[in-house]
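Okay, so here's the structure we're looking at.
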Amino acid sequence: MLRPGGKAIGISGPPDPAFAKRIGLNPLLRLAITALSGKVRRQAKKLGVTYEFLFMSASGDQLREIADLIDDGTLRPVVGNTFSFDETPDALESIAKRGVNGKTVITS
């Protein structure tokens, strides 16, 4: 859920025009990405939020930034269930059988 003025971040949806520009795509490809992401950007606008695409990569800097956002309360992840590493098969079975409201966390 987002409050009006919030930002929806997509990690598997269509890239947005700002992302295409940021990675240096040529104008034709940027135009194509603008068209591909048009529907999701219009839906976001109608709901009073903005849409931004985030390309995930293995980055300690990104993980530290995410941790800081969680620590200061900007991001509030919803944890549905927590399992120990030894209970990983049970965690996967739980997800497959009934789904989970929130994230399933495996601890060491």
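FYI, nothing fancy with the structure tokens labels: chains A, B, ... in order, residues from 1 per chain, ligands from 1 as they appear.
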Exercise. With a distance cut-off of 12 Å and only C-alpha atoms, select the neighbouring residues of range 35-50 of chain A, excluding the residue or stretch itself and same-chain residues fewer than 2 positions from it, and output the selection as a PyMOL selection string.
Key: chain A and resi 1-10+12-20+28-33+52-53
Selection export as a compact mmCIF listing (two decimals), in the first residue's frame, atoms kept: N, CA, C and O atoms:
# COMPACT_ATOMS: atom_id res chain seq x y z
N MET A 1 0.84 -1.17 0.00
CA MET A 1 0.00 0.00 0.00
C MET A 1 0.89 1.24 0.00
O MET A 1 1.92 1.26 0.66
N LEU A 2 0.46 2.20 -0.75
CA LEU A 2 1.19 3.46 -0.81
C LEU A 2 0.24 4.60 -0.52
O LEU A 2 -0.91 4.59 -0.92
N ARG A 3 0.76 5.60 0.15
CA ARG A 3 -0.05 6.80 0.37
C ARG A 3 0.08 7.69 -0.86
O ARG A 3 1.04 7.56 -1.63
N PRO A 4 -0.86 8.58 -1.09
CA PRO A 4 -0.75 9.50 -2.22
C PRO A 4 0.59 10.23 -2.18
O PRO A 4 1.06 10.64 -1.13
N GLY A 5 1.20 10.32 -3.34
CA GLY A 5 2.52 10.94 -3.43
C GLY A 5 3.65 9.94 -3.27
O GLY A 5 4.82 10.29 -3.40
N GLY A 6 3.32 8.68 -2.98
CA GLY A 6 4.34 7.64 -2.79
C GLY A 6 4.96 7.22 -4.11
O GLY A 6 4.60 7.69 -5.19
N LYS A 7 5.90 6.31 -4.01
CA LYS A 7 6.61 5.83 -5.19
C LYS A 7 6.55 4.32 -5.25
O LYS A 7 6.95 3.64 -4.31
N ALA A 8 6.01 3.78 -6.35
CA ALA A 8 5.98 2.34 -6.58
C ALA A 8 7.28 1.97 -7.30
O ALA A 8 7.60 2.55 -8.34
N ILE A 9 8.01 1.04 -6.72
CA ILE A 9 9.27 0.61 -7.31
C ILE A 9 9.06 -0.76 -7.93
O ILE A 9 8.63 -1.70 -7.26
N GLY A 10 9.38 -0.88 -9.22
CA GLY A 10 9.26 -2.15 -9.91
C GLY A 10 10.63 -2.78 -10.14
O GLY A 10 11.56 -2.10 -10.57
N SER A 12 10.58 -6.10 -11.51
CA SER A 12 10.36 -7.08 -12.57
C SER A 12 9.44 -6.54 -13.65
O SER A 12 9.21 -7.20 -14.65
N GLY A 13 8.91 -5.36 -13.46
CA GLY A 13 8.03 -4.75 -14.44
C GLY A 13 8.83 -4.07 -15.53
O GLY A 13 10.06 -4.20 -15.60
N PRO A 14 8.15 -3.32 -16.36
CA PRO A 14 8.85 -2.66 -17.47
C PRO A 14 9.74 -1.52 -16.98
O PRO A 14 9.38 -0.81 -16.05
N PRO A 15 10.92 -1.38 -17.59
CA PRO A 15 11.76 -0.23 -17.25
C PRO A 15 11.05 1.07 -17.59
O PRO A 15 10.20 1.11 -18.49
N ASP A 16 11.38 2.14 -16.89
CA ASP A 16 10.78 3.43 -17.16
C ASP A 16 11.75 4.28 -18.00
O ASP A 16 12.92 3.94 -18.14
N PRO A 17 11.26 5.39 -18.56
CA PRO A 17 12.11 6.22 -19.41
C PRO A 17 13.36 6.74 -18.70
O PRO A 17 14.44 6.82 -19.30
N ALA A 18 13.25 7.06 -17.42
CA ALA A 18 14.42 7.56 -16.68
C ALA A 18 15.51 6.49 -16.61
O ALA A 18 16.70 6.79 -16.73
N PHE A 19 15.11 5.24 -16.42
CA PHE A 19 16.08 4.14 -16.38
C PHE A 19 16.76 3.99 -17.74
O PHE A 19 17.98 3.85 -17.82
N ALA A 20 15.97 4.05 -18.81
CA ALA A 20 16.53 3.92 -20.16
C ALA A 20 17.55 5.02 -20.43
O ALA A 20 18.62 4.77 -21.01
N LEU A 28 15.81 5.65 -29.95
CA LEU A 28 14.77 4.73 -30.43
C LEU A 28 14.39 3.72 -29.34
O LEU A 28 13.21 3.46 -29.10
N LEU A 29 15.38 3.15 -28.68
CA LEU A 29 15.09 2.21 -27.60
C LEU A 29 14.43 2.90 -26.42
O LEU A 29 13.56 2.33 -25.76
N ARG A 30 14.83 4.14 -26.14
CA ARG A 30 14.19 4.89 -25.06
C ARG A 30 12.71 5.13 -25.38
O ARG A 30 11.85 5.03 -24.49
N LEU A 31 12.41 5.40 -26.64
CA LEU A 31 11.02 5.59 -27.05
C LEU A 31 10.24 4.29 -26.87
O LEU A 31 9.10 4.30 -26.38
N ALA A 32 10.84 3.16 -27.23
CA ALA A 32 10.18 1.86 -27.06
C ALA A 32 9.90 1.57 -25.59
O ALA A 32 8.82 1.11 -25.22
N ILE A 33 10.86 1.87 -24.73
CA ILE A 33 10.68 1.64 -23.30
C ILE A 33 9.61 2.56 -22.74
O ILE A 33 8.81 2.17 -21.89
N GLU A 52 8.78 3.86 -10.66
CA GLU A 52 10.19 3.89 -11.02
C GLU A 52 10.71 2.46 -11.09
O GLU A 52 10.37 1.62 -10.24
N PHE A 53 11.51 2.17 -12.11
CA PHE A 53 12.10 0.85 -12.28
C PHE A 53 13.45 0.82 -11.57
O PHE A 53 14.24 1.75 -11.68
Please give the complete set of residues from range 3-41 of chain A that DSSP, run on the backbone, assigns to alpha helix (DSSP H), formatted as a PDB file with N, CA, C and O atoms, in the first residue's frame.
ATOM      1  N   PRO A  17      11.258   5.388 -18.564  1.00  0.00           N
ATOM      2  CA  PRO A  17      12.114   6.225 -19.414  1.00  0.00           C
ATOM      3  C   PRO A  17      13.363   6.740 -18.698  1.00  0.00           C
ATOM      4  O   PRO A  17      14.438   6.824 -19.298  1.00  0.00           O
ATOM      5  N   ALA A  18      13.250   7.062 -17.419  1.00  0.00           N
ATOM      6  CA  ALA A  18      14.419   7.560 -16.685  1.00  0.00           C
ATOM      7  C   ALA A  18      15.505   6.491 -16.606  1.00  0.00           C
ATOM      8  O   ALA A  18      16.700   6.788 -16.727  1.00  0.00           O
ATOM      9  N   PHE A  19      15.111   5.239 -16.418  1.00  0.00           N
ATOM     10  CA  PHE A  19      16.077   4.138 -16.378  1.00  0.00           C
ATOM     11  C   PHE A  19      16.759   3.994 -17.735  1.00  0.00           C
ATOM     12  O   PHE A  19      17.979   3.848 -17.824  1.00  0.00           O
ATOM     13  N   ALA A  20      15.970   4.050 -18.807  1.00  0.00           N
ATOM     14  CA  ALA A  20      16.530   3.919 -20.155  1.00  0.00           C
ATOM     15  C   ALA A  20      17.551   5.023 -20.431  1.00  0.00           C
ATOM     16  O   ALA A  20      18.617   4.768 -21.006  1.00  0.00           O
ATOM     17  N   LYS A  21      17.246   6.223 -19.984  1.00  0.00           N
ATOM     18  CA  LYS A  21      18.175   7.337 -20.172  1.00  0.00           C
ATOM     19  C   LYS A  21      19.422   7.156 -19.320  1.00  0.00           C
ATOM     20  O   LYS A  21      20.541   7.380 -19.766  1.00  0.00           O
ATOM     21  N   ARG A  22      19.217   6.715 -18.071  1.00  0.00           N
ATOM     22  CA  ARG A  22      20.318   6.547 -17.133  1.00  0.00           C
ATOM     23  C   ARG A  22      21.350   5.532 -17.638  1.00  0.00           C
ATOM     24  O   ARG A  22      22.538   5.697 -17.425  1.00  0.00           O
ATOM     25  N   PRO A  27      17.992   6.854 -28.534  1.00  0.00           N
ATOM     26  CA  PRO A  27      16.643   7.443 -28.507  1.00  0.00           C
ATOM     27  C   PRO A  27      15.532   6.502 -28.975  1.00  0.00           C
ATOM     28  O   PRO A  27      14.425   6.540 -28.426  1.00  0.00           O
ATOM     29  N   LEU A  28      15.805   5.646 -29.946  1.00  0.00           N
ATOM     30  CA  LEU A  28      14.772   4.732 -30.430  1.00  0.00           C
ATOM     31  C   LEU A  28      14.392   3.717 -29.345  1.00  0.00           C
ATOM     32  O   LEU A  28      13.210   3.464 -29.104  1.00  0.00           O
ATOM     33  N   LEU A  29      15.384   3.154 -28.678  1.00  0.00           N
ATOM     34  CA  LEU A  29      15.093   2.208 -27.603  1.00  0.00           C
ATOM     35  C   LEU A  29      14.433   2.904 -26.416  1.00  0.00           C
ATOM     36  O   LEU A  29      13.560   2.330 -25.765  1.00  0.00           O
ATOM     37  N   ARG A  30      14.832   4.140 -26.145  1.00  0.00           N
ATOM     38  CA  ARG A  30      14.186   4.889 -25.061  1.00  0.00           C
ATOM     39  C   ARG A  30      12.709   5.125 -25.379  1.00  0.00           C
ATOM     40  O   ARG A  30      11.853   5.035 -24.493  1.00  0.00           O
ATOM     41  N   LEU A  31      12.413   5.404 -26.641  1.00  0.00           N
ATOM     42  CA  LEU A  31      11.019   5.590 -27.055  1.00  0.00           C
ATOM     43  C   LEU A  31      10.236   4.286 -26.869  1.00  0.00           C
ATOM     44  O   LEU A  31       9.097   4.300 -26.375  1.00  0.00           O
ATOM     45  N   ALA A  32      10.842   3.160 -27.232  1.00  0.00           N
ATOM     46  CA  ALA A  32      10.179   1.859 -27.064  1.00  0.00           C
ATOM     47  C   ALA A  32       9.902   1.575 -25.587  1.00  0.00           C
ATOM     48  O   ALA A  32       8.815   1.114 -25.221  1.00  0.00           O
ATOM     49  N   ILE A  33      10.864   1.867 -24.732  1.00  0.00           N
ATOM     50  CA  ILE A  33      10.675   1.637 -23.298  1.00  0.00           C
ATOM     51  C   ILE A  33       9.607   2.563 -22.740  1.00  0.00           C
ATOM     52  O   ILE A  33       8.805   2.167 -21.888  1.00  0.00           O
ATOM     53  N   THR A  34       9.564   3.782 -23.237  1.00  0.00           N
ATOM     54  CA  THR A  34       8.516   4.713 -22.816  1.00  0.00           C
ATOM     55  C   THR A  34       7.146   4.131 -23.137  1.00  0.00           C
ATOM     56  O   THR A  34       6.235   4.168 -22.308  1.00  0.00           O
ATOM     57  N   ALA A  35       7.006   3.564 -24.323  1.00  0.00           N
ATOM     58  CA  ALA A  35       5.725   2.965 -24.721  1.00  0.00           C
ATOM     59  C   ALA A  35       5.418   1.726 -23.879  1.00  0.00           C
ATOM     60  O   ALA A  35       4.279   1.541 -23.430  1.00  0.00           O
ATOM     61  N   LEU A  36       6.430   0.878 -23.652  1.00  0.00           N
ATOM     62  CA  LEU A  36       6.211  -0.350 -22.893  1.00  0.00           C
ATOM     63  C   LEU A  36       5.784  -0.081 -21.450  1.00  0.00           C
ATOM     64  O   LEU A  36       5.012  -0.833 -20.874  1.00  0.00           O
ATOM     65  N   GLY A  38       4.236   2.642 -20.425  1.00  0.00           N
ATOM     66  CA  GLY A  38       3.159   3.635 -20.379  1.00  0.00           C
ATOM     67  C   GLY A  38       1.980   3.215 -19.529  1.00  0.00           C
ATOM     68  O   GLY A  38       1.467   4.002 -18.728  1.00  0.00           O
ATOM     69  N   LYS A  39       1.547   1.968 -19.661  1.00  0.00           N
ATOM     70  CA  LYS A  39       0.366   1.508 -18.933  1.00  0.00           C
ATOM     71  C   LYS A  39       0.596   1.566 -17.423  1.00  0.00           C
ATOM     72  O   LYS A  39      -0.231   2.095 -16.678  1.00  0.00           O
ATOM     73  N   VAL A  40       1.724   1.028 -16.963  1.00  0.00           N
ATOM     74  CA  VAL A  40       1.981   1.005 -15.526  1.00  0.00           C
ATOM     75  C   VAL A  40       2.185   2.423 -14.986  1.00  0.00           C
ATOM     76  O   VAL A  40       1.749   2.745 -13.877  1.00  0.00           O
ATOM     77  N   ARG A  41       2.814   3.303 -15.763  1.00  0.00           N
ATOM     78  CA  ARG A  41       2.995   4.690 -15.317  1.00  0.00           C
ATOM     79  C   ARG A  41       1.666   5.425 -15.242  1.00  0.00           C
ATOM     80  O   ARG A  41       1.411   6.190 -14.316  1.00  0.00           O
TER      81      ARG A  41
END
Exercise. Please provide the set of residues having any atom within 12 Å of Arg76 in chain A, restricted to only C-alpha atoms, with same-chain residues fewer than 4 positions apart removed, written as a ChimeraX atom specification.
Key: /A:1-2,66-72,102-103
Print the selection's residues with all heavy atoms to a file, as a PDB file, in the first residue's frame.
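Result written to out_17.pdb:
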ATOM      1  N   MET A   1       0.844  -1.167   0.000  1.00  0.00           N
ATOM      2  CA  MET A   1       0.000   0.000   0.000  1.00  0.00           C
ATOM      3  C   MET A   1       0.894   1.236   0.000  1.00  0.00           C
ATOM      4  O   MET A   1       1.924   1.261   0.656  1.00  0.00           O
ATOM      5  CB  MET A   1      -0.894   0.014   1.226  1.00  0.00           C
ATOM      6  CG  MET A   1      -1.891  -1.129   1.235  1.00  0.00           C
ATOM      7  SD  MET A   1      -2.945  -1.097   2.690  1.00  0.00           S
ATOM      8  CE  MET A   1      -4.084   0.174   2.233  1.00  0.00           C
ATOM      9  N   LEU A   2       0.463   2.197  -0.751  1.00  0.00           N
ATOM     10  CA  LEU A   2       1.195   3.462  -0.813  1.00  0.00           C
ATOM     11  C   LEU A   2       0.240   4.603  -0.515  1.00  0.00           C
ATOM     12  O   LEU A   2      -0.912   4.586  -0.916  1.00  0.00           O
ATOM     13  CB  LEU A   2       1.776   3.674  -2.210  1.00  0.00           C
ATOM     14  CG  LEU A   2       2.869   2.723  -2.661  1.00  0.00           C
ATOM     15  CD1 LEU A   2       3.203   2.977  -4.124  1.00  0.00           C
ATOM     16  CD2 LEU A   2       4.101   2.897  -1.807  1.00  0.00           C
ATOM     17  N   ILE A  66      19.466  -0.167   1.445  1.00  0.00           N
ATOM     18  CA  ILE A  66      18.171  -0.750   1.797  1.00  0.00           C
ATOM     19  C   ILE A  66      18.087  -0.945   3.313  1.00  0.00           C
ATOM     20  O   ILE A  66      17.069  -0.638   3.933  1.00  0.00           O
ATOM     21  CB  ILE A  66      17.944  -2.079   1.051  1.00  0.00           C
ATOM     22  CG1 ILE A  66      17.740  -1.795  -0.449  1.00  0.00           C
ATOM     23  CG2 ILE A  66      16.749  -2.842   1.621  1.00  0.00           C
ATOM     24  CD1 ILE A  66      17.785  -3.030  -1.319  1.00  0.00           C
ATOM     25  N   ALA A  67      19.163  -1.447   3.916  1.00  0.00           N
ATOM     26  CA  ALA A  67      19.186  -1.637   5.377  1.00  0.00           C
ATOM     27  C   ALA A  67      18.970  -0.306   6.102  1.00  0.00           C
ATOM     28  O   ALA A  67      18.229  -0.243   7.091  1.00  0.00           O
ATOM     29  CB  ALA A  67      20.496  -2.279   5.810  1.00  0.00           C
ATOM     30  N   ASP A  68      19.603   0.764   5.612  1.00  0.00           N
ATOM     31  CA  ASP A  68      19.419   2.084   6.217  1.00  0.00           C
ATOM     32  C   ASP A  68      17.967   2.541   6.108  1.00  0.00           C
ATOM     33  O   ASP A  68      17.410   3.116   7.055  1.00  0.00           O
ATOM     34  CB  ASP A  68      20.334   3.127   5.567  1.00  0.00           C
ATOM     35  CG  ASP A  68      21.803   2.936   5.911  1.00  0.00           C
ATOM     36  OD1 ASP A  68      22.108   2.219   6.892  1.00  0.00           O
ATOM     37  OD2 ASP A  68      22.650   3.507   5.182  1.00  0.00           O
ATOM     38  N   LEU A  69      17.325   2.296   4.951  1.00  0.00           N
ATOM     39  CA  LEU A  69      15.924   2.686   4.762  1.00  0.00           C
ATOM     40  C   LEU A  69      15.009   1.907   5.702  1.00  0.00           C
ATOM     41  O   LEU A  69      14.014   2.437   6.203  1.00  0.00           O
ATOM     42  CB  LEU A  69      15.508   2.474   3.309  1.00  0.00           C
ATOM     43  CG  LEU A  69      16.155   3.404   2.289  1.00  0.00           C
ATOM     44  CD1 LEU A  69      15.841   2.944   0.868  1.00  0.00           C
ATOM     45  CD2 LEU A  69      15.714   4.841   2.495  1.00  0.00           C
ATOM     46  N   ILE A  70      15.343   0.643   5.954  1.00  0.00           N
ATOM     47  CA  ILE A  70      14.553  -0.155   6.899  1.00  0.00           C
ATOM     48  C   ILE A  70      14.787   0.354   8.317  1.00  0.00           C
ATOM     49  O   ILE A  70      13.842   0.541   9.089  1.00  0.00           O
ATOM     50  CB  ILE A  70      14.899  -1.652   6.773  1.00  0.00           C
ATOM     51  CG1 ILE A  70      14.383  -2.182   5.427  1.00  0.00           C
ATOM     52  CG2 ILE A  70      14.301  -2.456   7.927  1.00  0.00           C
ATOM     53  CD1 ILE A  70      14.866  -3.567   5.077  1.00  0.00           C
ATOM     54  N   ASP A  71      16.056   0.597   8.649  1.00  0.00           N
ATOM     55  CA  ASP A  71      16.392   1.062   9.999  1.00  0.00           C
ATOM     56  C   ASP A  71      15.732   2.393  10.344  1.00  0.00           C
ATOM     57  O   ASP A  71      15.296   2.597  11.483  1.00  0.00           O
ATOM     58  CB  ASP A  71      17.909   1.186  10.178  1.00  0.00           C
ATOM     59  CG  ASP A  71      18.611  -0.167  10.241  1.00  0.00           C
ATOM     60  OD1 ASP A  71      17.925  -1.189  10.451  1.00  0.00           O
ATOM     61  OD2 ASP A  71      19.843  -0.190  10.066  1.00  0.00           O
ATOM     62  N   ASP A  72      15.641   3.304   9.357  1.00  0.00           N
ATOM     63  CA  ASP A  72      15.047   4.618   9.673  1.00  0.00           C
ATOM     64  C   ASP A  72      13.520   4.642   9.474  1.00  0.00           C
ATOM     65  O   ASP A  72      12.883   5.666   9.655  1.00  0.00           O
ATOM     66  CB  ASP A  72      15.734   5.753   8.909  1.00  0.00           C
ATOM     67  CG  ASP A  72      15.408   5.812   7.420  1.00  0.00           C
ATOM     68  OD1 ASP A  72      14.446   5.155   6.972  1.00  0.00           O
ATOM     69  OD2 ASP A  72      16.128   6.532   6.698  1.00  0.00           O
ATOM     70  N   GLY A 102       3.143 -11.550   3.299  1.00  0.00           N
ATOM     71  CA  GLY A 102       4.447 -10.980   3.650  1.00  0.00           C
ATOM     72  C   GLY A 102       5.562 -11.886   3.182  1.00  0.00           C
ATOM     73  O   GLY A 102       5.345 -12.887   2.513  1.00  0.00           O
ATOM     74  N   LYS A 103       6.761 -11.545   3.559  1.00  0.00           N
ATOM     75  CA  LYS A 103       7.941 -12.293   3.141  1.00  0.00           C
ATOM     76  C   LYS A 103       8.195 -13.465   4.081  1.00  0.00           C
ATOM     77  O   LYS A 103       7.909 -13.407   5.271  1.00  0.00           O
ATOM     78  CB  LYS A 103       9.190 -11.383   3.136  1.00  0.00           C
ATOM     79  CG  LYS A 103       9.064 -10.208   2.198  1.00  0.00           C
ATOM     80  CD  LYS A 103       8.948 -10.667   0.786  1.00  0.00           C
ATOM     81  CE  LYS A 103       8.838  -9.493  -0.161  1.00  0.00           C
ATOM     82  NZ  LYS A 103       8.532  -9.912  -1.515  1.00  0.00           N
TER      83      LYS A 103
END
Practice problem: List every residue of range 42-90 of chain A that DSSP, applied to the backbone, labels as strand (DSSP E), and write the result as a ChimeraX atom specification. | Solution: /A:50-53,79-84
Resulting file, chosen residues, C-alpha atoms, as a compact mmCIF listing (two decimals), in the first residue's frame:
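Now in part.txt:
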# COMPACT_ATOMS: atom_id res chain seq x y z
CA THR A 50 4.84 7.55 -9.29
CA TYR A 51 6.47 4.48 -10.84
CA GLU A 52 10.19 3.89 -11.02
CA PHE A 53 12.10 0.85 -12.28
CA VAL A 79 7.44 -10.60 7.44
CA GLY A 80 4.90 -13.41 7.26
CA ASN A 81 6.92 -16.33 8.63
CA THR A 82 10.43 -16.92 9.92
CA PHE A 83 12.21 -20.28 9.65
CA SER A 84 15.66 -21.46 10.67
At most 12 Å is the cut-off: for each residue in range 1-96 of chain A with any atom that close to an atom of range 104-108 of chain A, write down the nearest atom pair and the distance in Å rounded to one decimal, counting only C-alpha atoms, chain first then increasing number, as JSON lines.
{"residue": "A:Pro77", "atom": "CA", "partner": "A:Thr104", "partner_atom": "CA", "distance": 10.8}
{"residue": "A:Val78", "atom": "CA", "partner": "A:Thr104", "partner_atom": "CA", "distance": 9.1}
{"residue": "A:Val79", "atom": "CA", "partner": "A:Thr104", "partner_atom": "CA", "distance": 6.2}
{"residue": "A:Gly80", "atom": "CA", "partner": "A:Thr104", "partner_atom": "CA", "distance": 5.7}
{"residue": "A:Asn81", "atom": "CA", "partner": "A:Thr104", "partner_atom": "CA", "distance": 5.0}
{"residue": "A:Thr82", "atom": "CA", "partner": "A:Val105", "partner_atom": "CA", "distance": 4.7}
{"residue": "A:Phe83", "atom": "CA", "partner": "A:Ile106", "partner_atom": "CA", "distance": 4.9}
{"residue": "A:Ser84", "atom": "CA", "partner": "A:Thr107", "partner_atom": "CA", "distance": 4.8}
{"residue": "A:Phe85", "atom": "CA", "partner": "A:Ser108", "partner_atom": "CA", "distance": 5.3}
{"residue": "A:Asp86", "atom": "CA", "partner": "A:Ser108", "partner_atom": "CA", "distance": 8.4}
{"residue": "A:Glu87", "atom": "CA", "partner": "A:Ile106", "partner_atom": "CA", "distance": 8.1}
{"residue": "A:Thr88", "atom": "CA", "partner": "A:Ile106", "partner_atom": "CA", "distance": 6.8}
{"residue": "A:Pro89", "atom": "CA", "partner": "A:Ile106", "partner_atom": "CA", "distance": 10.5}
{"residue": "A:Asp90", "atom": "CA", "partner": "A:Ile106", "partner_atom": "CA", "distance": 10.5}
{"residue": "A:Ala91", "atom": "CA", "partner": "A:Thr104", "partner_atom": "CA", "distance": 7.2}
{"residue": "A:Leu92", "atom": "CA", "partner": "A:Thr104", "partner_atom": "CA", "distance": 8.8}
{"residue": "A:Glu93", "atom": "CA", "partner": "A:Thr104", "partner_atom": "CA", "distance": 11.2}
{"residue": "A:Ser94", "atom": "CA", "partner": "A:Thr104", "partner_atom": "CA", "distance": 9.1}
{"residue": "A:Ile95", "atom": "CA", "partner": "A:Thr104", "partner_atom": "CA", "distance": 7.9}
{"residue": "A:Ala96", "atom": "CA", "partner": "A:Thr104", "partner_atom": "CA", "distance": 11.5}
Residues just named, written with N, CA, C and O atoms as a PDB file, in the first residue's frame:
ATOM      1  N   PRO A  77       9.230  -3.631   5.713  1.00  0.00           N
ATOM      2  CA  PRO A  77       8.912  -4.927   5.120  1.00  0.00           C
ATOM      3  C   PRO A  77       7.943  -5.711   6.007  1.00  0.00           C
ATOM      4  O   PRO A  77       7.981  -5.606   7.230  1.00  0.00           O
ATOM      5  N   VAL A  78       7.071  -6.462   5.370  1.00  0.00           N
ATOM      6  CA  VAL A  78       6.117  -7.297   6.083  1.00  0.00           C
ATOM      7  C   VAL A  78       6.671  -8.716   6.107  1.00  0.00           C
ATOM      8  O   VAL A  78       6.888  -9.318   5.050  1.00  0.00           O
ATOM      9  N   VAL A  79       6.924  -9.238   7.290  1.00  0.00           N
ATOM     10  CA  VAL A  79       7.438 -10.603   7.438  1.00  0.00           C
ATOM     11  C   VAL A  79       6.271 -11.491   7.839  1.00  0.00           C
ATOM     12  O   VAL A  79       5.634 -11.280   8.863  1.00  0.00           O
ATOM     13  N   GLY A  80       5.999 -12.481   6.993  1.00  0.00           N
ATOM     14  CA  GLY A  80       4.898 -13.409   7.261  1.00  0.00           C
ATOM     15  C   GLY A  80       5.318 -14.540   8.177  1.00  0.00           C
ATOM     16  O   GLY A  80       4.666 -14.834   9.174  1.00  0.00           O
ATOM     17  N   ASN A  81       6.434 -15.193   7.847  1.00  0.00           N
ATOM     18  CA  ASN A  81       6.925 -16.332   8.633  1.00  0.00           C
ATOM     19  C   ASN A  81       8.440 -16.278   8.691  1.00  0.00           C
ATOM     20  O   ASN A  81       9.092 -15.805   7.756  1.00  0.00           O
ATOM     21  N   THR A  82       8.980 -16.815   9.764  1.00  0.00           N
ATOM     22  CA  THR A  82      10.426 -16.922   9.917  1.00  0.00           C
ATOM     23  C   THR A  82      10.765 -18.380  10.198  1.00  0.00           C
ATOM     24  O   THR A  82      10.126 -19.020  11.044  1.00  0.00           O
ATOM     25  N   PHE A  83      11.755 -18.901   9.477  1.00  0.00           N
ATOM     26  CA  PHE A  83      12.206 -20.280   9.647  1.00  0.00           C
ATOM     27  C   PHE A  83      13.712 -20.284   9.834  1.00  0.00           C
ATOM     28  O   PHE A  83      14.412 -19.437   9.278  1.00  0.00           O
ATOM     29  N   SER A  84      14.212 -21.285  10.575  1.00  0.00           N
ATOM     30  CA  SER A  84      15.657 -21.460  10.673  1.00  0.00           C
ATOM     31  C   SER A  84      16.139 -22.102   9.368  1.00  0.00           C
ATOM     32  O   SER A  84      15.347 -22.664   8.594  1.00  0.00           O
ATOM     33  N   PHE A  85      17.439 -22.019   9.133  1.00  0.00           N
ATOM     34  CA  PHE A  85      17.999 -22.606   7.909  1.00  0.00           C
ATOM     35  C   PHE A  85      17.641 -24.089   7.799  1.00  0.00           C
ATOM     36  O   PHE A  85      17.330 -24.574   6.720  1.00  0.00           O
ATOM     37  N   ASP A  86      17.684 -24.793   8.926  1.00  0.00           N
ATOM     38  CA  ASP A  86      17.359 -26.228   8.915  1.00  0.00           C
ATOM     39  C   ASP A  86      15.909 -26.489   8.524  1.00  0.00           C
ATOM     40  O   ASP A  86      15.567 -27.597   8.115  1.00  0.00           O
ATOM     41  N   GLU A  87      15.056 -25.488   8.667  1.00  0.00           N
ATOM     42  CA  GLU A  87      13.636 -25.625   8.330  1.00  0.00           C
ATOM     43  C   GLU A  87      13.302 -25.140   6.922  1.00  0.00           C
ATOM     44  O   GLU A  87      12.136 -24.971   6.577  1.00  0.00           O
ATOM     45  N   THR A  88      14.314 -24.935   6.090  1.00  0.00           N
ATOM     46  CA  THR A  88      14.083 -24.415   4.734  1.00  0.00           C
ATOM     47  C   THR A  88      13.069 -25.243   3.953  1.00  0.00           C
ATOM     48  O   THR A  88      12.176 -24.668   3.309  1.00  0.00           O
ATOM     49  N   PRO A  89      13.140 -26.588   3.980  1.00  0.00           N
ATOM     50  CA  PRO A  89      12.099 -27.350   3.255  1.00  0.00           C
ATOM     51  C   PRO A  89      10.691 -27.029   3.754  1.00  0.00           C
ATOM     52  O   PRO A  89       9.747 -26.937   2.956  1.00  0.00           O
ATOM     53  N   ASP A  90      10.546 -26.849   5.070  1.00  0.00           N
ATOM     54  CA  ASP A  90       9.228 -26.488   5.623  1.00  0.00           C
ATOM     55  C   ASP A  90       8.784 -25.109   5.124  1.00  0.00           C
ATOM     56  O   ASP A  90       7.602 -24.894   4.843  1.00  0.00           O
ATOM     57  N   ALA A  91       9.741 -24.188   5.030  1.00  0.00           N
ATOM     58  CA  ALA A  91       9.421 -22.839   4.546  1.00  0.00           C
ATOM     59  C   ALA A  91       8.920 -22.901   3.109  1.00  0.00           C
ATOM     60  O   ALA A  91       7.909 -22.275   2.766  1.00  0.00           O
ATOM     61  N   LEU A  92       9.615 -23.650   2.270  1.00  0.00           N
ATOM     62  CA  LEU A  92       9.202 -23.774   0.861  1.00  0.00           C
ATOM     63  C   LEU A  92       7.849 -24.444   0.744  1.00  0.00           C
ATOM     64  O   LEU A  92       7.014 -24.043  -0.073  1.00  0.00           O
ATOM     65  N   GLU A  93       7.613 -25.451   1.562  1.00  0.00           N
ATOM     66  CA  GLU A  93       6.316 -26.130   1.547  1.00  0.00           C
ATOM     67  C   GLU A  93       5.203 -25.177   1.982  1.00  0.00           C
ATOM     68  O   GLU A  93       4.125 -25.152   1.399  1.00  0.00           O
ATOM     69  N   SER A  94       5.489 -24.367   2.983  1.00  0.00           N
ATOM     70  CA  SER A  94       4.507 -23.388   3.466  1.00  0.00           C
ATOM     71  C   SER A  94       4.130 -22.406   2.367  1.00  0.00           C
ATOM     72  O   SER A  94       2.951 -22.088   2.174  1.00  0.00           O
ATOM     73  N   ILE A  95       5.120 -21.934   1.639  1.00  0.00           N
ATOM     74  CA  ILE A  95       4.859 -20.991   0.547  1.00  0.00           C
ATOM     75  C   ILE A  95       4.028 -21.656  -0.539  1.00  0.00           C
ATOM     76  O   ILE A  95       3.057 -21.091  -1.045  1.00  0.00           O
ATOM     77  N   ALA A  96       4.403 -22.888  -0.905  1.00  0.00           N
ATOM     78  CA  ALA A  96       3.722 -23.597  -1.998  1.00  0.00           C
ATOM     79  C   ALA A  96       2.286 -23.962  -1.636  1.00  0.00           C
ATOM     80  O   ALA A  96       1.394 -23.869  -2.477  1.00  0.00           O
TER      81      ALA A  96
END
Quiz item: What gap, in Å, lies between CA of Leu54 in chain A and CA of Val100 in chain A?
Solution: 24.1 Å
